[in-house]
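Below: one structure, written as structure tokens.
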Amino acid sequence: MISFENAINIILDKAFELTIEQIDIKNALNRIIATDVVSDIDMPPFDKSAMDGYACKYEDISNSLEVIEVIPAGKKPEHIINKGQCSKIMTGAMIPQGADCVLMVEQTQLIDDNKIRFIENKTNKNICLKSEDISKGDKLILKGTILKPQHIAILATTGYTKPFVYKQPRVGILSTGDELVEPNIIPAISQIRNSNSYQLYAQVNATGSISNYMGIAKDDRTNISNILKNTITNNDVILLSGGVSMGDYDLVPEILEQLNVKLLFQKIAIQPGKPTVFGILENKFIFGLPGNPVSSFIIFELLVKPLLYKMMGNNLTTKNIKMPMGIDYFRNKSDRKAFIPVIISTEGTILPVEYHGSAHLNSLCNTDGLISIPIGQNQLNKGDIVNVRLI
Ligand code: AMP
Ligand code: MG
């Protein structure tokens, strides 16, 4: 049995980056950028009006002003503003030469056809200065960033319409178990629906990787072996669910070894998820995940997700926040590092999710994050500050 820290190090040590490809900006959400994004322009590209109003000289705001031009956004101003003059200007339009201030239209009054006056006694300048947001040459997105909608706006603004991104790992998902039926079947007595495969499928997709569902294998050497061979051929990462613990029909580790998969660990000192298996075959990564849905969910989060992100060029830094426990927490045994699903309460405290064991899958639906308790520690007290890993 190895420690959690060793397990993650072994996985990340073997991980390699996939090659890159060029895609359309419209498909770039959640992909990981493979180059820095450098601005080819200043933003704003010119001094621009922040308001609909009148561009004039600030020294002139207590005088009545003659309107000499109307400047819509997108049009170059034609006239220079002199003393006693202004131009009507729209938000986003270019400030005319000679002006250093925009009076808000709501703070002015028309005094005849082409004259206005300011009816307040003070105003902001209301001008967004050239390059105050972005200068040409600024590095706006770093290589390895996961592209969120905000980043897509930057790609558009800087003309990166065909960004280079890392290729996505293909992840084959295979559940084992004689008791499993597909979710569209009403289970007979002694059967249950296969929920893990679909949970994993969604977890994989949420990382921006590609899920391939390979079906259910019966707890039978030939059956598992045949589906597994096909799964390994067609995927970069293989997630097997079930068949990894100590039961008579837990055949996954021995079948992996028969297929020449080099097993790098078979047990981790964590709770839940102790019987997690990890191996490699050439450039393929194979996980045997515990069949219990809560264990499978948490092990994916802790071990599989960092591997998938690393293959896509991102060193996933999980978001952690420090918050106080809302209640006492106690566990009987402390021989493993525990990961506990928790809720962030409306009072801003941490409450462990009520959770009857690793099969209790609906317990996860309200979960905001995971906290961990190290080996040797049995208790957390109300008020203790804990590190919450948001999920
Ligand atoms: P195993 O790891 O095969 O010993 O399975 C542990 C527990 O998880 C058993 O109660 C199984 O019935 C359950 N289980 C295994 N695979 C799945 C699955 N794909 N979906 C839901 N539950 C599962
Ligand atoms: Mg099983």
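In the structure tokens, chains take letters A, B, ... by order of appearance, with residues numbered from 1 within each chain and ligands from 1 in the order shown.
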
Write out as a compact mmCIF listing (two decimals) with C-alpha atoms, in the first residue's frame each polymer residue whose atoms come within 7 Å of Ile141 in chain A, counting only C-alpha atoms; drop sequence neighbours fewer than 4 positions from it.
# COMPACT_ATOMS: atom_id res chain seq x y z
CA ASP A 36 0.94 32.26 -25.32
CA VAL A 37 -1.58 34.74 -26.67
CA THR A 145 -4.52 27.95 -19.71

Picked from range 124-289 of chain A by DSSP as alpha helix (DSSP H), as an NGL selection string: :A and (149-157 or 196-206 or 221-234 or 252-258)

d(CA of Gly177 in chain A, CA of Gln199 in chain A) in Å: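 One can read the CA of Gly177 in chain A to CA of Gln199 in chain A distance as 16.1 Å.
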
Taking only C-alpha atoms and all ligand atoms into account, produce a table as a Markdown table in which each residue of chain A with an atom at most 8 Å from an atom of ligand 2 appears once, together with its shortest atom pair and the distance in Å to one decimal, ordered by chain and rising number.
| residue | atom | partner | partner_atom_place_in_ligand_line | distance |
| --- | --- | --- | --- | --- |
| A:Thr176 | CA | ligand 2 | 1 (Mg) | 6.0 |
| A:Gly177 | CA | ligand 2 | 1 (Mg) | 4.3 |
| A:Asp178 | CA | ligand 2 | 1 (Mg) | 7.0 |
| A:Glu179 | CA | ligand 2 | 1 (Mg) | 7.6 |
| A:Asp219 | CA | ligand 2 | 1 (Mg) | 7.0 |
| A:Gly242 | CA | ligand 2 | 1 (Mg) | 4.7 |
| A:Gly243 | CA | ligand 2 | 1 (Mg) | 4.3 |
| A:Val244 | CA | ligand 2 | 1 (Mg) | 7.5 |
| A:Gly247 | CA | ligand 2 | 1 (Mg) | 7.9 |
| A:Tyr249 | CA | ligand 2 | 1 (Mg) | 6.7 |
| A:Asp250 | CA | ligand 2 | 1 (Mg) | 6.1 |
| A:Gly291 | CA | ligand 2 | 1 (Mg) | 6.3 |

Can I get the selected residues back with all heavy atoms, as a short mmCIF file (atom, residue, chain, number, x, y, z; two decimals), in the first residue's frame?
data_model
loop_
_atom_site.label_atom_id
_atom_site.label_comp_id
_atom_site.auth_asym_id
_atom_site.auth_seq_id
_atom_site.Cartn_x
_atom_site.Cartn_y
_atom_site.Cartn_z
N THR A 176 -17.11 -3.36 -14.97
CA THR A 176 -17.18 -4.81 -14.82
C THR A 176 -18.15 -5.15 -13.70
O THR A 176 -18.25 -4.40 -12.73
CB THR A 176 -15.81 -5.40 -14.45
OG1 THR A 176 -15.47 -4.96 -13.11
CG2 THR A 176 -14.72 -4.96 -15.40
N GLY A 177 -18.85 -6.25 -13.85
CA GLY A 177 -19.71 -6.72 -12.77
C GLY A 177 -20.91 -7.49 -13.30
O GLY A 177 -21.65 -6.97 -14.13
N ASP A 178 -21.10 -8.72 -12.80
CA ASP A 178 -22.25 -9.55 -13.22
C ASP A 178 -23.57 -8.94 -12.78
O ASP A 178 -24.62 -9.26 -13.32
CB ASP A 178 -22.13 -10.95 -12.60
CG ASP A 178 -21.10 -11.80 -13.32
OD1 ASP A 178 -20.69 -11.41 -14.43
OD2 ASP A 178 -20.70 -12.84 -12.76
N GLU A 179 -23.52 -8.07 -11.74
CA GLU A 179 -24.76 -7.52 -11.21
C GLU A 179 -25.26 -6.31 -12.00
O GLU A 179 -26.34 -5.79 -11.73
CB GLU A 179 -24.56 -7.13 -9.73
CG GLU A 179 -23.76 -5.85 -9.45
CD GLU A 179 -22.24 -6.00 -9.53
OE1 GLU A 179 -21.76 -6.83 -10.32
OE2 GLU A 179 -21.52 -5.26 -8.82
N ASP A 219 -18.10 -10.57 -15.08
CA ASP A 219 -16.93 -10.95 -14.27
C ASP A 219 -16.40 -12.28 -14.79
O ASP A 219 -16.55 -13.34 -14.15
CB ASP A 219 -17.33 -11.05 -12.80
CG ASP A 219 -17.56 -9.68 -12.17
OD1 ASP A 219 -16.78 -8.75 -12.46
OD2 ASP A 219 -18.52 -9.54 -11.39
N GLY A 242 -14.79 -1.27 -11.04
CA GLY A 242 -15.16 -2.52 -10.38
C GLY A 242 -14.10 -3.60 -10.54
O GLY A 242 -13.16 -3.47 -11.33
N GLY A 243 -14.28 -4.66 -9.76
CA GLY A 243 -13.42 -5.83 -9.90
C GLY A 243 -12.00 -5.66 -9.41
O GLY A 243 -11.10 -6.40 -9.83
N VAL A 244 -11.77 -4.69 -8.51
CA VAL A 244 -10.39 -4.47 -8.06
C VAL A 244 -10.16 -4.81 -6.59
O VAL A 244 -9.03 -4.72 -6.11
CB VAL A 244 -9.95 -2.99 -8.29
CG1 VAL A 244 -9.69 -2.73 -9.76
CG2 VAL A 244 -10.95 -2.01 -7.73
N GLY A 247 -12.66 -9.65 -3.59
CA GLY A 247 -13.66 -10.70 -3.82
C GLY A 247 -13.16 -11.77 -4.79
O GLY A 247 -12.19 -11.57 -5.52
N TYR A 249 -14.42 -12.64 -7.45
CA TYR A 249 -14.60 -12.28 -8.87
C TYR A 249 -13.92 -10.95 -9.21
O TYR A 249 -14.23 -10.33 -10.22
CB TYR A 249 -16.10 -12.25 -9.21
CG TYR A 249 -16.72 -13.59 -8.96
CD1 TYR A 249 -17.38 -13.86 -7.75
CD2 TYR A 249 -16.60 -14.61 -9.90
CE1 TYR A 249 -17.91 -15.11 -7.49
CE2 TYR A 249 -17.11 -15.88 -9.65
CZ TYR A 249 -17.77 -16.12 -8.43
OH TYR A 249 -18.27 -17.37 -8.18
N ASP A 250 -13.05 -10.48 -8.34
CA ASP A 250 -12.32 -9.25 -8.61
C ASP A 250 -11.08 -9.59 -9.42
O ASP A 250 -10.00 -9.82 -8.90
CB ASP A 250 -11.99 -8.52 -7.29
CG ASP A 250 -13.25 -7.94 -6.66
OD1 ASP A 250 -14.18 -7.60 -7.43
OD2 ASP A 250 -13.31 -7.83 -5.43
N GLY A 291 -15.47 -0.12 -7.62
CA GLY A 291 -16.82 -0.11 -8.18
C GLY A 291 -17.78 0.82 -7.47
O GLY A 291 -18.75 1.30 -8.06
#

Distance criterion (only C-alpha atoms): nearest to Lys305 in chain A out of A:Pro169, A:Pro324, A:Pro290, A:Pro183: A:Pro169

Within 12 Å of range 24-33 of chain A using only C-alpha atoms, minus same-chain residues under 4 positions, as number ranges by chain: A: 17-20, 37, 140-169, 205-210, 308-316

Of the listed residues A:Ala73, A:Ile8, A:Met104, A:Leu180, that which approaches ligand 1 most closely, counting only C-alpha atoms and all ligand atoms: A:Leu180

CA of Glu69 in chain A to CA of Asp52 in chain A, straight-line distance in Å: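 Value for the CA of Asp52 in chain A-CA of Glu69 in chain A distance: 13.8 Å.
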
Cut-off 10 Å, only C-alpha atoms and all ligand atoms, neighbours of ligand 1 as a PyMOL selection string: chain A and resi 173-183+190-200+215-217+219+240-252+273+275-276+288-296+358-361

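Each of A:Gln377, A:Thr349, A:Ser363, A:Gln266 was compared to Phe4 in chain A using only C-alpha atoms, and A:Gln266 turns out to be the nearest.
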
Two-atom distance - CA of Ala338 in chain A, CA of Ile238 in chain A (Å):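 Distance reported for this atom pair: 25.2 Å.
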
For Val304 in chain A, the nearest of the candidates A:Val70, A:Phe287, A:Lys218, A:Pro77, counting only C-alpha atoms: A:Phe287

9 Å contact set for Ile391 in chain A, only C-alpha atoms, chain neighbours under 4 positions out, as an NGL selection string: :A and (301 or 318-319 or 367-370)

Which residue of A:Glu282, A:Leu239, A:Arg331, A:Gly172 approaches Leu303 in chain A most closely, using only C-alpha atoms: A:Leu239

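Excluding Ser131 in chain A itself and any same-chain residue fewer than 3 positions from it, the protein and nucleic acid residues within 12 Å of it, counting only C-alpha atoms, are Ser39, Asp40, Ile41, Asp42, Met43, Pro44, Pro45, Phe46, Asp47, Lys48, Ile127, Cys128, Ile134, Ser135, Lys136, Gly137 and Asp138 of chain A.
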
Which of range 204-272 of chain A fall in strand (DSSP E or B), as an NGL selection string: :A and (210-217 or 237-241 or 262-265 or 268 or 270-271)

A:Ile232, A:Ile89, A:Ile71, A:Ile286 ranked by distance to Val102 in chain A, top pick (using only C-alpha atoms): A:Ile89

Selection near range 268-270 of chain A, 12 Å with only C-alpha atoms, sequence-local residues under 5 positions removed, as a PyMOL selection string: chain A and resi 1-8+10+245+275-278+289-290+295+298-299+302-303+333-340+372-376

Contacts of Glu66 in chain A at 6 Å (only C-alpha atoms; same-chain gap of 2+ positions) as a PyMOL selection string: chain A and resi 85-86+114-115
